Amino acid sequence: MKKAVILLEKDYQDLEAWYPYYRLKEAGIDVVMAAPDGVREVKGKYGYIADEEIKVAFSQLKAEDYDLVIIPGGWAPDYLRRHQSVLDFIKGMDSRKKVVAAICHAGWVIVSAGIVKGRKATCFRGIRDDLKNAQALYEDSEVVVDGNLITSRTPDDLPAFMKATFLHS
């Protein structure tokens, strides 16, 4: 059975976490949510709370344990990229050619992980300069796939984002 993890921090974009969570479960993928060490509850940007779905602390993440990672947007990516364990995990997933799926502001996390240079990617328009400055090949499309890296712009892109995630995982 395939295994997925969704990375959460405070003020995650609710739809960008829960839509993938339930779509992955529908597909028979074992999916868990991860949060900072010692955190048992994470509140989304619009108030949705993840608690019992949180099964893993960031320090416990190991790339060999997962087939794909979903990084939701919202304001959470600004916090996620401050955790070295998250950045190391993303680098490990990428180096193993496992699916790294980032949507909206999650572009900040893949930039901080150092995996975008010379790769096609998209993101929320407010951080496109961050991707460009990290030498990503920015495209304004609902979903951009570059090998194992899958990126999208906003919650409106979730159907295309998940379709691409399923095709490449």
# chains A, B, ... in the order shown; residues from 1 in each chain; ligands from 1

call {"tool": "closest_atom_pairs", "arguments": {"of": "stretch 46-74 of chain A", "to": "stretch 114-130 of chain A", "cutoff": "12 Å", "atoms": "only C-alpha atoms", "output": "Markdown table"}}
result
| residue | atom | partner | partner_atom | distance |
| --- | --- | --- | --- | --- |
| A:Ile71 | CA | A:Cys123 | CA | 11.8 |
| A:Pro72 | CA | A:Cys123 | CA | 11.1 |
| A:Gly73 | CA | A:Phe124 | CA | 8.8 |
| A:Gly74 | CA | A:Phe124 | CA | 9.8 |

call {"tool": "closest_atom_pairs", "arguments": {"of": "stretch 52-113 of chain A", "to": "stretch 1-17 of chain A", "cutoff": "8 Å", "atoms": "only C-alpha atoms", "output": "JSON lines"}}
result
{"residue": "A:Asp65", "atom": "CA", "partner": "A:Lys3", "partner_atom": "CA", "distance": 7.5}
{"residue": "A:Tyr66", "atom": "CA", "partner": "A:Lys3", "partner_atom": "CA", "distance": 5.1}
{"residue": "A:Asp67", "atom": "CA", "partner": "A:Lys3", "partner_atom": "CA", "distance": 5.4}
{"residue": "A:Leu68", "atom": "CA", "partner": "A:Ala4", "partner_atom": "CA", "distance": 4.9}
{"residue": "A:Val69", "atom": "CA", "partner": "A:Val5", "partner_atom": "CA", "distance": 5.0}
{"residue": "A:Ile70", "atom": "CA", "partner": "A:Ile6", "partner_atom": "CA", "distance": 4.7}
{"residue": "A:Ile71", "atom": "CA", "partner": "A:Leu7", "partner_atom": "CA", "distance": 5.5}
{"residue": "A:Pro72", "atom": "CA", "partner": "A:Glu16", "partner_atom": "CA", "distance": 5.0}
{"residue": "A:Gly73", "atom": "CA", "partner": "A:Gln13", "partner_atom": "CA", "distance": 5.3}
{"residue": "A:Gly74", "atom": "CA", "partner": "A:Gln13", "partner_atom": "CA", "distance": 4.1}
{"residue": "A:Trp75", "atom": "CA", "partner": "A:Asp11", "partner_atom": "CA", "distance": 5.3}
{"residue": "A:Ala76", "atom": "CA", "partner": "A:Tyr12", "partner_atom": "CA", "distance": 4.6}
{"residue": "A:Pro77", "atom": "CA", "partner": "A:Glu9", "partner_atom": "CA", "distance": 7.4}
{"residue": "A:Tyr79", "atom": "CA", "partner": "A:Glu9", "partner_atom": "CA", "distance": 6.4}
{"residue": "A:Leu80", "atom": "CA", "partner": "A:Glu9", "partner_atom": "CA", "distance": 6.2}
{"residue": "A:Ile103", "atom": "CA", "partner": "A:Glu16", "partner_atom": "CA", "distance": 7.3}

call {"tool": "residues_around", "arguments": {"residues": "A:Val109", "least_positions_apart": "3", "cutoff": "8 Å", "atoms": "only C-alpha atoms", "output": "mmCIF file with N, CA and C atoms, in the first residue's frame"}}
result
data_model
loop_
_atom_site.group_PDB
_atom_site.id
_atom_site.type_symbol
_atom_site.label_atom_id
_atom_site.label_comp_id
_atom_site.auth_asym_id
_atom_site.auth_seq_id
_atom_site.Cartn_x
_atom_site.Cartn_y
_atom_site.Cartn_z
ATOM 1 N N PRO A 77 3.374 27.520 4.887
ATOM 2 C CA PRO A 77 4.712 27.325 4.312
ATOM 3 C C PRO A 77 5.781 28.255 4.876
ATOM 4 N N ASP A 78 5.385 29.454 5.286
ATOM 5 C CA ASP A 78 6.370 30.359 5.877
ATOM 6 C C ASP A 78 6.905 29.789 7.184
ATOM 7 N N LEU A 80 6.663 26.261 7.840
ATOM 8 C CA LEU A 80 7.234 24.962 7.484
ATOM 9 C C LEU A 80 8.697 25.073 7.086
ATOM 10 N N ARG A 81 9.032 26.097 6.321
ATOM 11 C CA ARG A 81 10.402 26.219 5.817
ATOM 12 C C ARG A 81 11.408 26.574 6.908
ATOM 13 N N LEU A 87 12.787 20.496 5.660
ATOM 14 C CA LEU A 87 13.611 20.723 4.469
ATOM 15 C C LEU A 87 14.431 19.479 4.131
ATOM 16 N N ALA A 106 3.185 26.986 -0.934
ATOM 17 C CA ALA A 106 4.124 25.898 -0.638
ATOM 18 C C ALA A 106 5.383 26.002 -1.499
ATOM 19 N N SER A 112 13.136 26.791 -0.290
ATOM 20 C CA SER A 112 14.022 26.674 0.870
ATOM 21 C C SER A 112 14.710 25.316 0.940
ATOM 22 N N ALA A 113 14.063 24.281 0.400
ATOM 23 C CA ALA A 113 14.665 22.944 0.363
ATOM 24 C C ALA A 113 15.723 22.843 -0.741
#

call {"tool": "select_by_dssp", "arguments": {"residues": "chain A", "states": "strand (DSSP E)", "output": "ChimeraX atom specification"}}
result
/A:3-7,30-35,42-43,49-50,54-57,68-71,99-103,120-121,137-138,143-146,149-152

call {"tool": "select_by_dssp", "arguments": {"residues": "chain A", "states": "helix (DSSP H, G or I)", "output": "MDAnalysis selection string"}}
result
chainID A and resid 14:26 58:60 63:65 76:80 84:95 104:112 125:133 155:167

call {"tool": "closest_residue", "arguments": {"among": "A:Tyr19, A:Leu24, A:Lys55, A:Thr151", "to": "A:Ala101", "atoms": "only C-alpha atoms"}}
result
A:Thr151

call {"tool": "atom_distance", "arguments": {"atom1": "atom CA of A:Tyr138", "atom2": "atom CA of A:Lys45"}}
result
26.0 Å
